[in-house]
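Input: a single structure, listed below in structure tokens.
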Amino acid sequence: MSQRYRIAAILGDGIGREVVPEGLRCLRAAAEAHGFELDVVEHDFACADHWLRHGAMLPPDWKDVLGGFDAIFFGAVGWPEVVPDHVSLWGSLLQFRRGFDQYVNLRPVRLLRGVRSPLRDHGPGDIDFRVVRENTEGEYSNVGGRIFEGTDRETVLQETVLTRIGVDRVLRYAFDLAAGRPRKHLTWATKSNGISIAMPYWDERAAAMAKQYPDVVADKDHIDILAAKFVLRPGQYDVVVASNLFGDILSDLGPACAGTIGIAPSANINPDRTWPSLFEPVHGSAPDIAGRGIANPVGQIWSGAMMLEHLGEPAAAAAVLAAIERVLADRPEVLTPDLGGPGTTEGLGTAIAAEIAWAG
Ligand code: NAI
Ligand code: MG
């Protein structure tokens, strides 16, 4: 009996509806070539349409509906003409991340063959690091409020929430990750010179964790210079761990340095495996190009490779990534416009799926 995995697919809005089918095409090719089975169930919530019809982004029983799947394969949510972005994001994706305790957001940053970095003098292999972002607390709390609204005294307050459990577990994940990589180098992002209560605490916990990992070379950078160094010397990083807000920014900046955000993948991981983890491209629903069939599907497909890795199919995961690299390097005629090519979403997805099948 071959392994069988149950996957919940959520297409979402905009180009999510175009790139998820290409991701599934490649996952099915990998399953076929590597001898496992995928049961994919598509769900039509977490999108503007659902909000229009039901006045909510999700059905009330979403946790039961999704909780039994082995993983969630997610496109992108957001259609600001219809639903304000904070409503669509808090009403869906952030519910998944918190409800399923996906406390690690992992984003690989790799400059692949066939992709030109916007940074001068950087070629394939020169940039290869991982951003580990805390995904459930920190600056993205909804603790706070407004008082004296509409008056001169109008006052707005929003708190950062750091818990010892929350900080330690994401640091531990990052240190474990660094310990398993050849360079064994970890950098933590901080801003303890400006944010004088929360960030010194983050530094304290990171320094304590570093003591438990004598093999890992650990250092810290303040977020401002860290952002600058991502651009100036991205090759020096190996694993970068950051709070929710800092990690969010770094994990868009990193992939941008490695080409286009159209190829960047991410994993929202529940390392305890109590709940399904969620795999999605870094990009959003891109209303500006939605419906034209030109969105780059590579971020979605690479997210699928991360999902296979998480499910315990590392050979299939590596094969998907290798197929992506070969097509990007050798098939300029199928590349989408963001990569400087004349191709389409479906054409690029089909080429990568064929490569996966061919390589077996
Ligand atoms: P975006 O990532 O959707 O688009 C930014 C720019 O990158 C646009 O010019 C877009 O055309 C381009 N782009 C993005 N993905 C691409 C791809 N695969 N191929 C080619 N070009 C691509 O970010 P933006 O414009 O800030 O947000 C649009 C909507 O997406 C908003 O509603 C936002 O809330 C939502 N969003 C959702 C996310 C999620 O579901 N995880 C993440 C980020 C934004
Ligand atoms: Mg972001």
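For the structure tokens, the naming scheme is as follows: chains receive sequential letters (A, B, ...) according to their order of presentation, residues are indexed from 1 within each chain, and ligands are indexed from 1 in presentation order.
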Nearby residues, ligand 2, 8 Å, only C-alpha atoms and all ligand atoms, as a tab-separated table (two decimals) with N, CA and C atoms, in the first residue's frame:
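Output (pocket13.tsv):
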```tsv
chain	number	residue	atom	x	y	z
A	248	ASP	N	8.21	39.39	8.95
A	248	ASP	CA	7.33	39.65	7.80
A	248	ASP	C	8.08	40.50	6.77
A	249	ILE	N	8.72	41.53	7.26
A	249	ILE	CA	9.43	42.44	6.35
A	249	ILE	C	10.63	41.73	5.72
A	251	SER	N	11.11	38.68	5.24
A	251	SER	CA	10.80	37.55	4.36
A	251	SER	C	10.15	38.00	3.06
A	252	ASP	N	9.88	39.28	2.90
A	252	ASP	CA	9.58	39.82	1.57
A	252	ASP	C	10.85	40.37	0.93
A	282	VAL	N	4.71	33.38	-1.00
A	282	VAL	CA	4.87	34.61	-0.23
A	282	VAL	C	3.96	35.72	-0.78
A	283	HIS	N	3.75	35.71	-2.08
A	283	HIS	CA	3.00	36.80	-2.69
A	283	HIS	C	1.52	36.76	-2.34
```
Extract, using only C-alpha atoms, all DNA, RNA and protein residues at most 10 Å from Val216 of chain A, discarding same-chain residues fewer than 6 positions from it, and format them as a ChimeraX atom specification.
/A:175-181,183-186,210
Taking only C-alpha atoms and all ligand atoms into account, report as number ranges by chain which residues have an atom no farther than 7 Å from an atom of ligand 1.
A: 75-80, 85, 89, 93, 261-263, 280, 282-289, 294-297, 299, 338
Emit the selected residues as a JSON list (two decimals), in the first residue's frame, including C-alpha atoms.
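What ended up in part13.json:
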```
[["chain", "number", "residue", "atom", "x", "y", "z"],
["A", 75, "GLY", "CA", -3.13, 30.30, -2.70],
["A", 76, "ALA", "CA", -3.66, 33.89, -1.59],
["A", 77, "VAL", "CA", -6.48, 35.87, -0.05],
["A", 78, "GLY", "CA", -7.43, 39.50, -0.63],
["A", 79, "TRP", "CA", -9.68, 41.52, -2.91],
["A", 80, "PRO", "CA", -9.59, 45.03, -1.48],
["A", 85, "ASP", "CA", -7.49, 43.77, 3.62],
["A", 89, "LEU", "CA", -6.49, 38.53, 6.33],
["A", 93, "LEU", "CA", -5.15, 33.26, 7.05],
["A", 261, "ILE", "CA", 8.49, 37.49, -5.21],
["A", 262, "GLY", "CA", 6.62, 35.39, -7.77],
["A", 263, "ILE", "CA", 8.96, 32.47, -7.05],
["A", 280, "GLU", "CA", 1.53, 29.13, 0.46],
["A", 282, "VAL", "CA", 4.87, 34.61, -0.23],
["A", 283, "HIS", "CA", 3.00, 36.80, -2.69],
["A", 284, "GLY", "CA", -0.60, 37.92, -2.41],
["A", 285, "SER", "CA", -3.56, 37.83, -4.79],
["A", 286, "ALA", "CA", -2.04, 40.42, -7.17],
["A", 287, "PRO", "CA", -5.29, 42.09, -8.35],
["A", 288, "ASP", "CA", -3.26, 44.11, -10.86],
["A", 289, "ILE", "CA", -2.50, 41.03, -12.98],
["A", 294, "ILE", "CA", 0.44, 35.54, -16.59],
["A", 295, "ALA", "CA", 1.06, 35.04, -12.86],
["A", 296, "ASN", "CA", 4.22, 33.15, -12.04],
["A", 297, "PRO", "CA", 3.22, 29.78, -10.52],
["A", 299, "GLY", "CA", 6.09, 30.30, -5.65],
["A", 338, "ASP", "CA", 7.95, 38.84, -14.27]]
```
Just asking: which residues within segment 70-160 of chain A are alpha helix (DSSP H) according to DSSP, as an MDAnalysis selection string?
chainID A and resid 85:90 93:99
When you look at Ile301 of chain A with a cut-off of 10 Å (counting only C-alpha atoms), what residues show up, excluding the ones that are within fewer than 6 positions of it in the same chain? I need them as a PyMOL selection string.
chain A and resi 19-27+263-265+279-281+307+320-321+324+349+352-353
Report as a VMD selection string all protein, DNA and RNA residues lying within 7 Å of Ala71 of chain A, evaluated on only C-alpha atoms, omitting residues in the same chain fewer than 5 positions from it.
chain A and resid 6 to 8 276 to 278
Applying 8 Å and only C-alpha atoms, which residues near Met306 of chain A remain after dropping the ones on its own chain fewer than 3 positions away? List them as a ChimeraX atom specification.
/A:265-267,279,302-303,309-310,317
Can you list, as a PyMOL selection string, every protein, DNA or RNA residue that comes within 10 Å of Ala198 of chain A when you count only C-alpha atoms, leaving out same-chain residues fewer than 6 positions away?
chain A and resi 138-139+160-163+190-192
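Reported to one decimal place, the separation of atom CA of Leu106 of chain A from atom CA of Ile72 of chain A is 15.0 Å.
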Which polymer residues have any atom within 12 Å of an atom of Ala315 of chain A, counting only C-alpha atoms, with same-chain residues fewer than 2 positions away left out, as an MDAnalysis selection string?
chainID A and resid 30:31 33:36 305:306 308:313 317:322 356 359:360
Residues of the last selection are to be written out with N, CA and C atoms, as a compact mmCIF listing (two decimals), in the first residue's frame.
```
# COMPACT_ATOMS: atom_id res chain seq x y z
N ALA A 30 4.46 14.67 -9.11
CA ALA A 30 5.45 14.14 -8.14
C ALA A 30 4.92 12.88 -7.47
N ALA A 31 3.63 12.87 -7.16
CA ALA A 31 3.03 11.69 -6.51
C ALA A 31 3.13 10.48 -7.42
N ALA A 33 5.24 10.03 -9.92
CA ALA A 33 6.62 9.62 -10.16
C ALA A 33 7.26 8.97 -8.94
N HIS A 34 6.79 9.34 -7.75
CA HIS A 34 7.47 8.88 -6.54
C HIS A 34 6.63 7.91 -5.71
N GLY A 35 5.48 7.47 -6.27
CA GLY A 35 4.76 6.36 -5.66
C GLY A 35 4.03 6.67 -4.36
N PHE A 36 3.36 7.81 -4.30
CA PHE A 36 2.44 8.02 -3.18
C PHE A 36 1.16 8.65 -3.73
N ALA A 305 6.58 21.84 -2.86
CA ALA A 305 7.78 21.05 -2.52
C ALA A 305 8.03 21.08 -1.01
N MET A 306 7.84 22.26 -0.40
CA MET A 306 8.00 22.35 1.06
C MET A 306 6.97 21.48 1.77
N LEU A 308 5.67 18.67 0.58
CA LEU A 308 6.10 17.27 0.44
C LEU A 308 7.20 16.93 1.45
N GLU A 309 8.12 17.85 1.63
CA GLU A 309 9.18 17.68 2.62
C GLU A 309 8.58 17.46 4.00
N HIS A 310 7.60 18.32 4.35
CA HIS A 310 6.96 18.24 5.66
C HIS A 310 6.19 16.92 5.82
N LEU A 311 5.59 16.45 4.74
CA LEU A 311 4.80 15.21 4.81
C LEU A 311 5.69 13.97 4.90
N GLY A 312 6.99 14.15 4.66
CA GLY A 312 7.89 13.01 4.74
C GLY A 312 8.22 12.40 3.39
N GLU A 313 8.19 13.23 2.35
CA GLU A 313 8.56 12.78 1.00
C GLU A 313 9.73 13.64 0.49
N ALA A 317 10.18 16.04 -2.89
CA ALA A 317 10.36 17.48 -2.69
C ALA A 317 11.59 17.97 -3.47
N ALA A 318 12.67 17.24 -3.35
CA ALA A 318 13.90 17.63 -4.04
C ALA A 318 13.71 17.57 -5.55
N ALA A 319 12.93 16.59 -6.01
CA ALA A 319 12.69 16.47 -7.45
C ALA A 319 11.89 17.66 -7.98
N VAL A 320 10.93 18.13 -7.21
CA VAL A 320 10.14 19.29 -7.64
C VAL A 320 11.04 20.52 -7.75
N LEU A 321 11.89 20.72 -6.75
CA LEU A 321 12.77 21.88 -6.77
C LEU A 321 13.77 21.79 -7.92
N ALA A 322 14.28 20.59 -8.16
CA ALA A 322 15.23 20.40 -9.27
C ALA A 322 14.54 20.70 -10.61
N ILE A 356 9.10 17.05 -13.95
CA ILE A 356 9.02 16.16 -12.78
C ILE A 356 8.73 14.74 -13.24
N ALA A 359 11.84 13.26 -15.12
CA ALA A 359 12.97 12.90 -14.27
C ALA A 359 12.65 11.69 -13.39
N GLY A 360 11.33 11.46 -13.19
CA GLY A 360 10.90 10.30 -12.39
C GLY A 360 11.36 10.43 -10.98
```
For atom CA of Asp221 of chain A and atom CA of Arg107 of chain A, quote the distance in Å rounded to one decimal.
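Interatomic distance, atom CA of Asp221 of chain A to atom CA of Arg107 of chain A: 18.6 Å.
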Looking at A:Phe100, A:Val40, A:Leu328, A:Ile223, which one is nearest to Asp64 of chain A, with distances taken over only C-alpha atoms?
A:Phe100
Enumerate the residues of segment 114-237 of chain A with a DSSP assignment of strand (DSSP E), computed from the backbone, and present them as an MDAnalysis selection string.
chainID A and resid 128:134 144:147 155:158 185:190 217:222
Closest to Asp101 of chain A among A:Ala323, A:Ile195, A:Val239, A:Ile269, using only C-alpha atoms?
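Selected residue with least distance to Asp101 of chain A: A:Ile269.
Across A:Ala242, A:Met209, A:Val115, A:Leu250, the tightest approach to Leu335 of chain A is made by A:Val115 when counting only C-alpha atoms.
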Distance of atom CA of Thr350 of chain A from atom CA of Asp70 of chain A, expressed in Å to one decimal place:
25.3 Å
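Across A:Arg326, A:Ala227, A:Gly254, A:Phe74, the tightest approach to Trp358 of chain A is made by A:Arg326 when counting only C-alpha atoms.
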